[in-house]
Structures are given as structure tokens and as C-alpha cells.
>>> print(open('entry_8.pdb').read())   # PDB, C-alpha atoms
ATOM      1  CA  MET P   1       3.880 219.715 126.699  1.00  0.00           C
ATOM      2  CA  PRO P   2       0.378 218.255 126.388  1.00  0.00           C
ATOM      3  CA  ASN P   3      -0.853 215.754 128.950  1.00  0.00           C
ATOM      4  CA  LEU P   4      -3.139 212.862 128.103  1.00  0.00           C
ATOM      5  CA  PHE P   5      -5.684 211.481 130.545  1.00  0.00           C
ATOM      6  CA  VAL P   6      -7.872 208.448 129.882  1.00  0.00           C
ATOM      7  CA  ILE P   7     -10.258 207.727 132.725  1.00  0.00           C
ATOM      8  CA  GLY P   8     -12.583 204.723 132.611  1.00  0.00           C
ATOM      9  CA  PHE P   9     -15.876 204.221 134.416  1.00  0.00           C
ATOM     10  CA  ASP P  10     -18.195 201.256 134.924  1.00  0.00           C
ATOM     11  CA  GLU P  11     -21.217 203.537 134.398  1.00  0.00           C
ATOM     12  CA  PRO P  12     -22.316 204.917 131.005  1.00  0.00           C
ATOM     13  CA  ASN P  13     -22.832 208.559 132.065  1.00  0.00           C
ATOM     14  CA  LYS P  14     -19.823 209.162 134.304  1.00  0.00           C
ATOM     15  CA  ALA P  15     -17.378 210.025 131.499  1.00  0.00           C
ATOM     16  CA  GLU P  16     -19.850 212.604 130.181  1.00  0.00           C
ATOM     17  CA  GLU P  17     -20.247 214.076 133.689  1.00  0.00           C
ATOM     18  CA  LEU P  18     -16.481 214.422 134.019  1.00  0.00           C
ATOM     19  CA  CYS P  19     -16.328 215.941 130.548  1.00  0.00           C
ATOM     20  CA  LEU P  20     -18.872 218.581 131.579  1.00  0.00           C
ATOM     21  CA  LYS P  21     -16.868 219.351 134.734  1.00  0.00           C
ATOM     22  CA  LEU P  22     -13.696 219.794 132.679  1.00  0.00           C
ATOM     23  CA  GLU P  23     -15.543 222.093 130.273  1.00  0.00           C
ATOM     24  CA  GLU P  24     -16.689 224.132 133.274  1.00  0.00           C
ATOM     25  CA  LEU P  25     -13.098 224.391 134.530  1.00  0.00           C
ATOM     26  CA  GLN P  26     -12.004 225.402 131.028  1.00  0.00           C
ATOM     27  CA  SER P  27     -14.613 228.176 130.959  1.00  0.00           C
ATOM     28  CA  LYS P  28     -13.165 229.494 134.235  1.00  0.00           C
ATOM     29  CA  TYR P  29      -9.633 229.347 132.777  1.00  0.00           C
ATOM     30  CA  VAL P  30      -8.561 226.847 135.434  1.00  0.00           C
ATOM     31  CA  ILE P  31      -7.377 224.233 132.920  1.00  0.00           C
ATOM     32  CA  ASP P  32      -6.213 224.314 129.302  1.00  0.00           C
ATOM     33  CA  LEU P  33      -8.259 221.699 127.413  1.00  0.00           C
ATOM     34  CA  ARG P  34      -7.158 220.852 123.907  1.00  0.00           C
ATOM     35  CA  GLU P  35      -9.400 217.929 122.913  1.00  0.00           C
ATOM     36  CA  MET P  36     -11.883 215.517 124.517  1.00  0.00           C
ATOM     37  CA  VAL P  37     -13.611 212.339 123.376  1.00  0.00           C
ATOM     38  CA  VAL P  38     -16.148 210.297 125.336  1.00  0.00           C
ATOM     39  CA  ALA P  39     -16.193 206.568 124.582  1.00  0.00           C
ATOM     40  CA  LEU P  40     -19.262 204.502 125.405  1.00  0.00           C
ATOM     41  CA  LYS P  41     -19.406 200.724 125.405  1.00  0.00           C
ATOM     42  CA  ASP P  42     -22.935 199.429 125.003  1.00  0.00           C
ATOM     43  CA  GLU P  43     -24.349 196.272 126.569  1.00  0.00           C
ATOM     44  CA  LYS P  44     -23.451 194.308 123.419  1.00  0.00           C
ATOM     45  CA  GLY P  45     -19.810 195.415 123.639  1.00  0.00           C
ATOM     46  CA  LYS P  46     -19.858 197.890 120.749  1.00  0.00           C
ATOM     47  CA  VAL P  47     -17.816 201.041 121.377  1.00  0.00           C
ATOM     48  CA  LYS P  48     -18.988 204.437 120.131  1.00  0.00           C
ATOM     49  CA  LEU P  49     -16.875 207.577 120.226  1.00  0.00           C
ATOM     50  CA  GLN P  50     -18.478 210.950 120.905  1.00  0.00           C
ATOM     51  CA  TYR P  51     -16.205 213.748 119.781  1.00  0.00           C
ATOM     52  CA  ARG P  52     -16.539 216.966 121.736  1.00  0.00           C
ATOM     53  CA  ASP P  53     -16.188 220.361 120.156  1.00  0.00           C
ATOM     54  CA  SER P  54     -12.688 221.723 120.383  1.00  0.00           C
ATOM     55  CA  PRO P  55     -12.636 224.073 123.380  1.00  0.00           C
ATOM     56  CA  LEU P  56     -10.344 226.349 121.392  1.00  0.00           C
ATOM     57  CA  THR P  57     -12.770 226.907 118.498  1.00  0.00           C
ATOM     58  CA  ALA P  58     -16.246 226.179 119.850  1.00  0.00           C
ATOM     59  CA  ASN P  59     -17.063 229.817 120.579  1.00  0.00           C
ATOM     60  CA  ARG P  60     -15.766 231.388 117.391  1.00  0.00           C
ATOM     61  CA  PRO P  61     -18.466 232.916 115.178  1.00  0.00           C
ATOM     62  CA  PHE P  62     -17.532 231.115 111.937  1.00  0.00           C
ATOM     63  CA  PHE P  63     -19.227 227.689 111.988  1.00  0.00           C
ATOM     64  CA  PRO P  64     -19.424 227.572 115.808  1.00  0.00           C
ATOM     65  CA  GLY P  65     -18.476 224.231 117.249  1.00  0.00           C
ATOM     66  CA  PHE P  66     -17.677 222.773 113.850  1.00  0.00           C
ATOM     67  CA  CYS P  67     -14.305 224.041 112.653  1.00  0.00           C
ATOM     68  CA  GLY P  68     -11.432 222.499 114.538  1.00  0.00           C
ATOM     69  CA  SER P  69     -13.424 219.710 116.096  1.00  0.00           C
ATOM     70  CA  LEU P  70     -12.551 216.095 115.642  1.00  0.00           C
ATOM     71  CA  THR P  71     -16.076 215.568 114.361  1.00  0.00           C
ATOM     72  CA  ALA P  72     -15.491 217.974 111.499  1.00  0.00           C
ATOM     73  CA  LEU P  73     -12.242 216.298 110.642  1.00  0.00           C
ATOM     74  CA  ILE P  74     -13.857 212.891 110.544  1.00  0.00           C
ATOM     75  CA  LEU P  75     -16.640 214.221 108.299  1.00  0.00           C
ATOM     76  CA  LEU P  76     -14.135 215.929 106.029  1.00  0.00           C
ATOM     77  CA  ASN P  77     -11.908 212.854 105.862  1.00  0.00           C
ATOM     78  CA  ALA P  78     -14.646 210.230 105.776  1.00  0.00           C
ATOM     79  CA  THR P  79     -13.320 208.587 102.626  1.00  0.00           C
ATOM     80  CA  THR P  80      -9.937 207.912 104.170  1.00  0.00           C
ATOM     81  CA  GLY P  81     -11.122 207.319 107.723  1.00  0.00           C
ATOM     82  CA  ALA P  82      -8.360 209.636 108.877  1.00  0.00           C
ATOM     83  CA  ALA P  83      -8.784 211.908 111.855  1.00  0.00           C
ATOM     84  CA  ALA P  84      -6.431 214.739 112.546  1.00  0.00           C
ATOM     85  CA  GLY P  85      -6.388 216.955 115.559  1.00  0.00           C
ATOM     86  CA  GLU P  86      -4.490 217.331 118.749  1.00  0.00           C
ATOM     87  CA  LEU P  87      -5.219 213.792 119.971  1.00  0.00           C
ATOM     88  CA  ALA P  88      -4.218 212.280 116.638  1.00  0.00           C
ATOM     89  CA  ALA P  89      -1.094 214.449 116.617  1.00  0.00           C
ATOM     90  CA  VAL P  90       0.094 212.699 119.784  1.00  0.00           C
ATOM     91  CA  GLY P  91      -0.773 209.241 118.460  1.00  0.00           C
ATOM     92  CA  ILE P  92      -4.260 208.826 119.926  1.00  0.00           C
ATOM     93  CA  THR P  93      -6.268 207.538 116.978  1.00  0.00           C
ATOM     94  CA  PRO P  94      -9.918 206.461 116.854  1.00  0.00           C
ATOM     95  CA  ARG P  95      -8.724 202.855 116.573  1.00  0.00           C
ATOM     96  CA  PHE P  96      -6.638 203.212 119.757  1.00  0.00           C
ATOM     97  CA  MET P  97      -9.582 204.823 121.580  1.00  0.00           C
ATOM     98  CA  LYS P  98     -11.937 202.025 120.557  1.00  0.00           C
ATOM     99  CA  GLU P  99      -9.436 199.337 121.541  1.00  0.00           C
ATOM    100  CA  LEU P 100      -8.810 200.892 124.953  1.00  0.00           C
ATOM    101  CA  ALA P 101     -12.529 201.487 125.559  1.00  0.00           C
ATOM    102  CA  GLY P 102     -13.095 197.867 124.559  1.00  0.00           C
ATOM    103  CA  THR P 103     -11.470 196.857 127.850  1.00  0.00           C
ATOM    104  CA  LEU P 104     -14.342 198.495 129.765  1.00  0.00           C
ATOM    105  CA  PRO P 105     -17.217 196.411 131.075  1.00  0.00           C
ATOM    106  CA  PRO P 106     -20.451 196.508 129.031  1.00  0.00           C
ATOM    107  CA  GLY P 107     -22.241 199.762 129.843  1.00  0.00           C
ATOM    108  CA  GLY P 108     -18.952 201.458 130.740  1.00  0.00           C
ATOM    109  CA  SER P 109     -17.542 204.742 129.514  1.00  0.00           C
ATOM    110  CA  ALA P 110     -14.196 206.491 129.224  1.00  0.00           C
ATOM    111  CA  LEU P 111     -13.022 210.048 128.798  1.00  0.00           C
ATOM    112  CA  PHE P 112     -10.011 210.821 126.623  1.00  0.00           C
ATOM    113  CA  ALA P 113      -8.770 214.322 127.428  1.00  0.00           C
ATOM    114  CA  LEU P 114      -5.745 216.192 126.206  1.00  0.00           C
ATOM    115  CA  THR P 115      -4.661 219.281 128.099  1.00  0.00           C
ATOM    116  CA  GLY P 116      -2.119 221.923 127.170  1.00  0.00           C
ATOM    117  CA  VAL P 117      -0.293 224.096 129.650  1.00  0.00           C
ATOM    118  CA  PRO P 118      -0.440 222.548 133.141  1.00  0.00           C
ATOM    119  CA  SER P 119      -2.617 224.411 135.618  1.00  0.00           C
ATOM    120  CA  PRO P 120      -0.671 226.578 138.061  1.00  0.00           C
ATOM    121  CA  ASP P 121      -3.270 225.665 140.698  1.00  0.00           C
ATOM    122  CA  ARG P 122      -3.257 221.871 140.538  1.00  0.00           C
ATOM    123  CA  GLU P 123      -4.643 221.544 144.053  1.00  0.00           C
ATOM    124  CA  SER P 124      -7.873 223.335 143.132  1.00  0.00           C
ATOM    125  CA  VAL P 125      -8.215 221.145 140.027  1.00  0.00           C
ATOM    126  CA  LEU P 126      -7.792 218.008 142.140  1.00  0.00           C
ATOM    127  CA  LYS P 127     -10.361 219.343 144.607  1.00  0.00           C
ATOM    128  CA  GLU P 128     -12.852 219.962 141.767  1.00  0.00           C
ATOM    129  CA  LEU P 129     -12.355 216.400 140.488  1.00  0.00           C
ATOM    130  CA  SER P 130     -12.643 214.844 143.931  1.00  0.00           C
ATOM    131  CA  GLY P 131     -15.111 211.997 144.184  1.00  0.00           C
ATOM    132  CA  PHE P 132     -15.824 211.455 140.486  1.00  0.00           C
ATOM    133  CA  GLY P 133     -14.628 207.868 140.728  1.00  0.00           C
ATOM    134  CA  GLY P 134     -13.226 206.027 137.766  1.00  0.00           C
ATOM    135  CA  LYS P 135      -9.852 204.524 137.072  1.00  0.00           C
ATOM    136  CA  ILE P 136      -7.002 206.066 135.133  1.00  0.00           C
ATOM    137  CA  LEU P 137      -6.488 203.730 132.176  1.00  0.00           C
ATOM    138  CA  THR P 138      -3.510 205.586 130.764  1.00  0.00           C
ATOM    139  CA  THR P 139      -1.872 208.975 131.167  1.00  0.00           C
ATOM    140  CA  SER P 140       1.263 210.878 130.280  1.00  0.00           C
ATOM    141  CA  LEU P 141       1.561 212.220 133.834  1.00  0.00           C
ATOM    142  CA  SER P 142       4.430 211.288 136.106  1.00  0.00           C
ATOM    143  CA  HIS P 143       3.742 208.368 138.445  1.00  0.00           C
ATOM    144  CA  SER P 144       3.397 210.697 141.438  1.00  0.00           C
ATOM    145  CA  ASP P 145       0.972 213.052 139.636  1.00  0.00           C
ATOM    146  CA  GLU P 146      -1.006 210.060 138.366  1.00  0.00           C
ATOM    147  CA  ALA P 147      -1.297 208.739 141.933  1.00  0.00           C
ATOM    148  CA  ARG P 148      -2.493 212.150 143.172  1.00  0.00           C
ATOM    149  CA  LEU P 149      -5.121 212.355 140.427  1.00  0.00           C
ATOM    150  CA  GLN P 150      -6.323 208.799 141.077  1.00  0.00           C
ATOM    151  CA  ALA P 151      -6.558 209.517 144.809  1.00  0.00           C
ATOM    152  CA  ALA P 152      -8.617 212.648 144.111  1.00  0.00           C
ATOM    153  CA  LEU P 153     -10.970 210.745 141.795  1.00  0.00           C
ATOM    154  CA  GLN P 154     -11.472 208.084 144.462  1.00  0.00           C
ATOM    155  CA  ALA P 155     -11.832 210.532 147.372  1.00  0.00           C
ATOM    156  CA  ALA P 156     -15.140 210.704 149.212  1.00  0.00           C
ATOM    157  CA  GLY P 157     -17.760 212.853 147.426  1.00  0.00           C
ATOM    158  CA  ALA P 158     -16.991 216.412 146.564  1.00  0.00           C
TER     159      ALA P 158
END
>>> encode(input="entry_8.pdb", output="C-alpha cells")
Amino acid sequence: MPNLFVIGFDEPNKAEELCLKLEELQSKYVIDLREMVVALKDEKGKVKLQYRDSPLTANRPFFPGFCGSLTALILLNATTGAAAGELAAVGITPRFMKELAGTLPPGGSALFALTGVPSPDRESVLKELSGFGGKILTTSLSHSDEARLQAALQAAGA
């Protein structure tokens, strides 16, 4: 079953930094990323969504980084404004992402990440995420797993 993580930050670059760390863990086969979106709230309060390439299709030779990404789906469905993909399939729409990111302070950011199969080595994942900061805004994790993730994010620098 997929797990959703939405982690908010007061700083504009922190969600992107966490996104890069998760992509690194994906490349080492430590986690199973399905979809990621970085939301940025500018100083005027406007929220912009930055859709990341789908980790499952980004390295395929046919239209690398385009097919399967949320960006492609938005471009292909621009007239309807519909976005399909793994996040949308579990009810996480662009409207929901913008509304949730709207709760961030101006200059804040958030990472929306959907993972697939849970990592068999959760402790190493928590260690890798230690010290990133941020606050879990919403997740599909159990309360105890959410608390462990939040504690790792808040732990002293990694």
C-alpha cells in the first residue's frame, strides 16, 4: 500500500533538498518512490507546484523524464486541468496540494511524496533523513511511525 508524506518547511529550499535526498535513496534502492511534488509559497502568498519526474520512468530512453511524469500529464490535459498519476490516484490533486501549501508561511515550501513498498530497512532511512527539519503536515503512516519520522527530521544534524 502506498504511503503519503507531506512535510512542510519555513524555508524555500528545504523541500527541494529533501526531494534530492529521497531521489538519492531511490537510486540506491533504499526506498520505493512513486511520485514527488515540491510546493513553494512565495513572499506574496502565491503557491507554485514543481512536479518532479516520475522515478519509475525518468531513466527510460523514450522521452526521458517526460512520459509518466505529472508534468506531462498536466501538459497533455491542460484543457481540462486534470492531472492523473499516482498522487491523483490516491486523491492528492493539485488543488489539495495548493490548499495545504497555502498554510505555510510566506517563503515556505513543502514536499509531497508518495512511496510504494515500505523499506525493509526503515532505521537506515530514518538515519538518512535525520536533521532535515520540517513538520509533517499530513501522512498515511501510523501514529507511531509518524512520530518516529518526525523525531528523525527534528534530530540534531546528520
>>> atom_distance(input="entry_8.pdb", atom1="CA of Tyr51 in chain P", atom2="CA of Val38 in chain P")
6.5 Å
>>> closest_residue(input="entry_8.pdb", among="P:Val6, P:Ala147, P:Met1, P:Leu114", to="Glu86 in chain P", atoms="all atoms listed in the file")
P:Leu114
>>> resolve_selection(input="entry_8.pdb", expression="the PyMOL selection byres ((chain P and resi 118) around 9)", output="list in words")
Met1, Pro2, Asn3, Ile31, Asp32, Thr115, Gly116, Val117, Ser119, Pro120, Asp121 and Arg122 of chain P
>>> write_last_selection(input="entry_8.pdb", atoms="C-alpha atoms", output="CSV table (one decimal), keeping the file's coordinate frame")
chain,number,residue,atom,x,y,z
P,1,MET,CA,3.9,219.7,126.7
P,2,PRO,CA,0.4,218.3,126.4
P,3,ASN,CA,-0.9,215.8,129.0
P,31,ILE,CA,-7.4,224.2,132.9
P,32,ASP,CA,-6.2,224.3,129.3
P,115,THR,CA,-4.7,219.3,128.1
P,116,GLY,CA,-2.1,221.9,127.2
P,117,VAL,CA,-0.3,224.1,129.6
P,119,SER,CA,-2.6,224.4,135.6
P,120,PRO,CA,-0.7,226.6,138.1
P,121,ASP,CA,-3.3,225.7,140.7
P,122,ARG,CA,-3.3,221.9,140.5
>>> residues_around(input="entry_8.pdb", residues="Arg148 in chain P", least_positions_apart="3", cutoff="12 Å", atoms="only C-alpha atoms", output="PyMOL selection string")
chain P and resi 122-123+125-127+129-130+136+141-145+151-155
>>> closest_residue(input="entry_8.pdb", among="P:Leu33, P:Leu87, P:Gln26, P:Leu40", to="Thr103 in chain P", atoms="only C-alpha atoms")
P:Leu40
>>> atom_distance(input="entry_8.pdb", atom1="CA of Ala39 in chain P", atom2="CA of Ser27 in chain P")
22.6 Å
>>> residues_around(input="entry_8.pdb", residues="Leu137 in chain P", least_positions_apart="6", cutoff="9 Å", atoms="all atoms listed in the file", output="PyMOL selection string")
chain P and resi 5-8+100+110
>>> decode(input="entry_8.pdb", residues="range 96-129 of chain P", atoms="N, CA and C atoms", output="PDB file, in the first residue's frame")
ATOM      1  N   PHE P  96      -5.654  20.284  -3.881  1.00  0.00           N
ATOM      2  CA  PHE P  96      -5.351  19.907  -2.497  1.00  0.00           C
ATOM      3  C   PHE P  96      -3.936  20.346  -2.123  1.00  0.00           C
ATOM      4  N   MET P  97      -2.971  20.114  -3.031  1.00  0.00           N
ATOM      5  CA  MET P  97      -1.582  20.473  -2.741  1.00  0.00           C
ATOM      6  C   MET P  97      -1.437  21.980  -2.542  1.00  0.00           C
ATOM      7  N   LYS P  98      -2.104  22.755  -3.380  1.00  0.00           N
ATOM      8  CA  LYS P  98      -2.029  24.211  -3.244  1.00  0.00           C
ATOM      9  C   LYS P  98      -2.695  24.678  -1.953  1.00  0.00           C
ATOM     10  N   GLU P  99      -3.823  24.087  -1.609  1.00  0.00           N
ATOM     11  CA  GLU P  99      -4.508  24.468  -0.374  1.00  0.00           C
ATOM     12  C   GLU P  99      -3.658  24.138   0.849  1.00  0.00           C
ATOM     13  N   LEU P 100      -3.069  22.953   0.870  1.00  0.00           N
ATOM     14  CA  LEU P 100      -2.241  22.568   2.014  1.00  0.00           C
ATOM     15  C   LEU P 100      -0.982  23.432   2.080  1.00  0.00           C
ATOM     16  N   ALA P 101      -0.343  23.666   0.939  1.00  0.00           N
ATOM     17  CA  ALA P 101       0.847  24.520   0.916  1.00  0.00           C
ATOM     18  C   ALA P 101       0.499  25.961   1.279  1.00  0.00           C
ATOM     19  N   GLY P 102      -0.744  26.347   1.061  1.00  0.00           N
ATOM     20  CA  GLY P 102      -1.186  27.688   1.431  1.00  0.00           C
ATOM     21  C   GLY P 102      -1.121  27.942   2.923  1.00  0.00           C
ATOM     22  N   THR P 103      -1.051  26.886   3.719  1.00  0.00           N
ATOM     23  CA  THR P 103      -0.957  27.050   5.177  1.00  0.00           C
ATOM     24  C   THR P 103       0.477  27.353   5.622  1.00  0.00           C
ATOM     25  N   LEU P 104       1.434  27.251   4.700  1.00  0.00           N
ATOM     26  CA  LEU P 104       2.830  27.540   5.024  1.00  0.00           C
ATOM     27  C   LEU P 104       3.032  29.040   5.174  1.00  0.00           C
ATOM     28  N   PRO P 105       4.072  29.435   5.894  1.00  0.00           N
ATOM     29  CA  PRO P 105       4.379  30.865   5.961  1.00  0.00           C
ATOM     30  C   PRO P 105       4.928  31.335   4.612  1.00  0.00           C
ATOM     31  N   PRO P 106       4.823  32.629   4.295  1.00  0.00           N
ATOM     32  CA  PRO P 106       5.430  33.124   3.056  1.00  0.00           C
ATOM     33  C   PRO P 106       6.910  32.735   3.001  1.00  0.00           C
ATOM     34  N   GLY P 107       7.349  32.261   1.835  1.00  0.00           N
ATOM     35  CA  GLY P 107       8.722  31.802   1.690  1.00  0.00           C
ATOM     36  C   GLY P 107       8.915  30.351   2.092  1.00  0.00           C
ATOM     37  N   GLY P 108       7.841  29.673   2.472  1.00  0.00           N
ATOM     38  CA  GLY P 108       7.920  28.281   2.897  1.00  0.00           C
ATOM     39  C   GLY P 108       7.832  27.322   1.724  1.00  0.00           C
ATOM     40  N   SER P 109       8.062  26.058   2.006  1.00  0.00           N
ATOM     41  CA  SER P 109       7.995  25.022   0.986  1.00  0.00           C
ATOM     42  C   SER P 109       7.474  23.734   1.600  1.00  0.00           C
ATOM     43  N   ALA P 110       7.014  22.843   0.752  1.00  0.00           N
ATOM     44  CA  ALA P 110       6.528  21.539   1.209  1.00  0.00           C
ATOM     45  C   ALA P 110       6.877  20.487   0.173  1.00  0.00           C
ATOM     46  N   LEU P 111       7.100  19.287   0.644  1.00  0.00           N
ATOM     47  CA  LEU P 111       7.340  18.155  -0.240  1.00  0.00           C
ATOM     48  C   LEU P 111       6.194  17.168  -0.089  1.00  0.00           C
ATOM     49  N   PHE P 112       5.573  16.839  -1.215  1.00  0.00           N
ATOM     50  CA  PHE P 112       4.553  15.801  -1.284  1.00  0.00           C
ATOM     51  C   PHE P 112       5.237  14.588  -1.890  1.00  0.00           C
ATOM     52  N   ALA P 113       5.307  13.500  -1.169  1.00  0.00           N
ATOM     53  CA  ALA P 113       5.972  12.297  -1.666  1.00  0.00           C
ATOM     54  C   ALA P 113       5.076  11.092  -1.451  1.00  0.00           C
ATOM     55  N   LEU P 114       5.013  10.268  -2.453  1.00  0.00           N
ATOM     56  CA  LEU P 114       4.263   9.024  -2.383  1.00  0.00           C
ATOM     57  C   LEU P 114       5.253   7.891  -2.593  1.00  0.00           C
ATOM     58  N   THR P 115       5.281   6.971  -1.644  1.00  0.00           N
ATOM     59  CA  THR P 115       6.175   5.825  -1.744  1.00  0.00           C
ATOM     60  C   THR P 115       5.348   4.559  -1.951  1.00  0.00           C
ATOM     61  N   GLY P 116       6.003   3.550  -2.488  1.00  0.00           N
ATOM     62  CA  GLY P 116       5.341   2.269  -2.724  1.00  0.00           C
ATOM     63  C   GLY P 116       5.623   1.313  -1.591  1.00  0.00           C
ATOM     64  N   VAL P 117       6.306   0.248  -1.912  1.00  0.00           N
ATOM     65  CA  VAL P 117       6.619  -0.795  -0.938  1.00  0.00           C
ATOM     66  C   VAL P 117       7.461  -0.209   0.198  1.00  0.00           C
ATOM     67  N   PRO P 118       7.058  -0.405   1.450  1.00  0.00           N
ATOM     68  CA  PRO P 118       7.849   0.119   2.563  1.00  0.00           C
ATOM     69  C   PRO P 118       9.261  -0.459   2.577  1.00  0.00           C
ATOM     70  N   SER P 119      10.210   0.359   2.975  1.00  0.00           N
ATOM     71  CA  SER P 119      11.603  -0.072   3.030  1.00  0.00           C
ATOM     72  C   SER P 119      11.782  -1.133   4.112  1.00  0.00           C
ATOM     73  N   PRO P 120      12.509  -2.200   3.802  1.00  0.00           N
ATOM     74  CA  PRO P 120      12.779  -3.206   4.831  1.00  0.00           C
ATOM     75  C   PRO P 120      13.767  -2.685   5.882  1.00  0.00           C
ATOM     76  N   ASP P 121      14.490  -1.628   5.547  1.00  0.00           N
ATOM     77  CA  ASP P 121      15.478  -1.065   6.466  1.00  0.00           C
ATOM     78  C   ASP P 121      15.072   0.352   6.859  1.00  0.00           C
ATOM     79  N   ARG P 122      13.970   0.462   7.576  1.00  0.00           N
ATOM     80  CA  ARG P 122      13.439   1.769   7.960  1.00  0.00           C
ATOM     81  C   ARG P 122      14.401   2.564   8.825  1.00  0.00           C
ATOM     82  N   GLU P 123      15.186   1.870   9.637  1.00  0.00           N
ATOM     83  CA  GLU P 123      16.124   2.588  10.511  1.00  0.00           C
ATOM     84  C   GLU P 123      17.166   3.350   9.706  1.00  0.00           C
ATOM     85  N   SER P 124      17.665   2.761   8.623  1.00  0.00           N
ATOM     86  CA  SER P 124      18.660   3.474   7.814  1.00  0.00           C
ATOM     87  C   SER P 124      18.018   4.657   7.087  1.00  0.00           C
ATOM     88  N   VAL P 125      16.756   4.522   6.687  1.00  0.00           N
ATOM     89  CA  VAL P 125      16.051   5.631   6.055  1.00  0.00           C
ATOM     90  C   VAL P 125      15.892   6.778   7.061  1.00  0.00           C
ATOM     91  N   LEU P 126      15.485   6.449   8.271  1.00  0.00           N
ATOM     92  CA  LEU P 126      15.332   7.486   9.299  1.00  0.00           C
ATOM     93  C   LEU P 126      16.663   8.166   9.590  1.00  0.00           C
ATOM     94  N   LYS P 127      17.740   7.388   9.596  1.00  0.00           N
ATOM     95  CA  LYS P 127      19.069   7.948   9.842  1.00  0.00           C
ATOM     96  C   LYS P 127      19.446   8.919   8.718  1.00  0.00           C
ATOM     97  N   GLU P 128      19.151   8.547   7.476  1.00  0.00           N
ATOM     98  CA  GLU P 128      19.459   9.405   6.324  1.00  0.00           C
ATOM     99  C   GLU P 128      18.662  10.713   6.358  1.00  0.00           C
ATOM    100  N   LEU P 129      17.466  10.672   6.926  1.00  0.00           N
ATOM    101  CA  LEU P 129      16.602  11.855   6.968  1.00  0.00           C
ATOM    102  C   LEU P 129      16.796  12.680   8.238  1.00  0.00           C
TER     103      LEU P 129
END
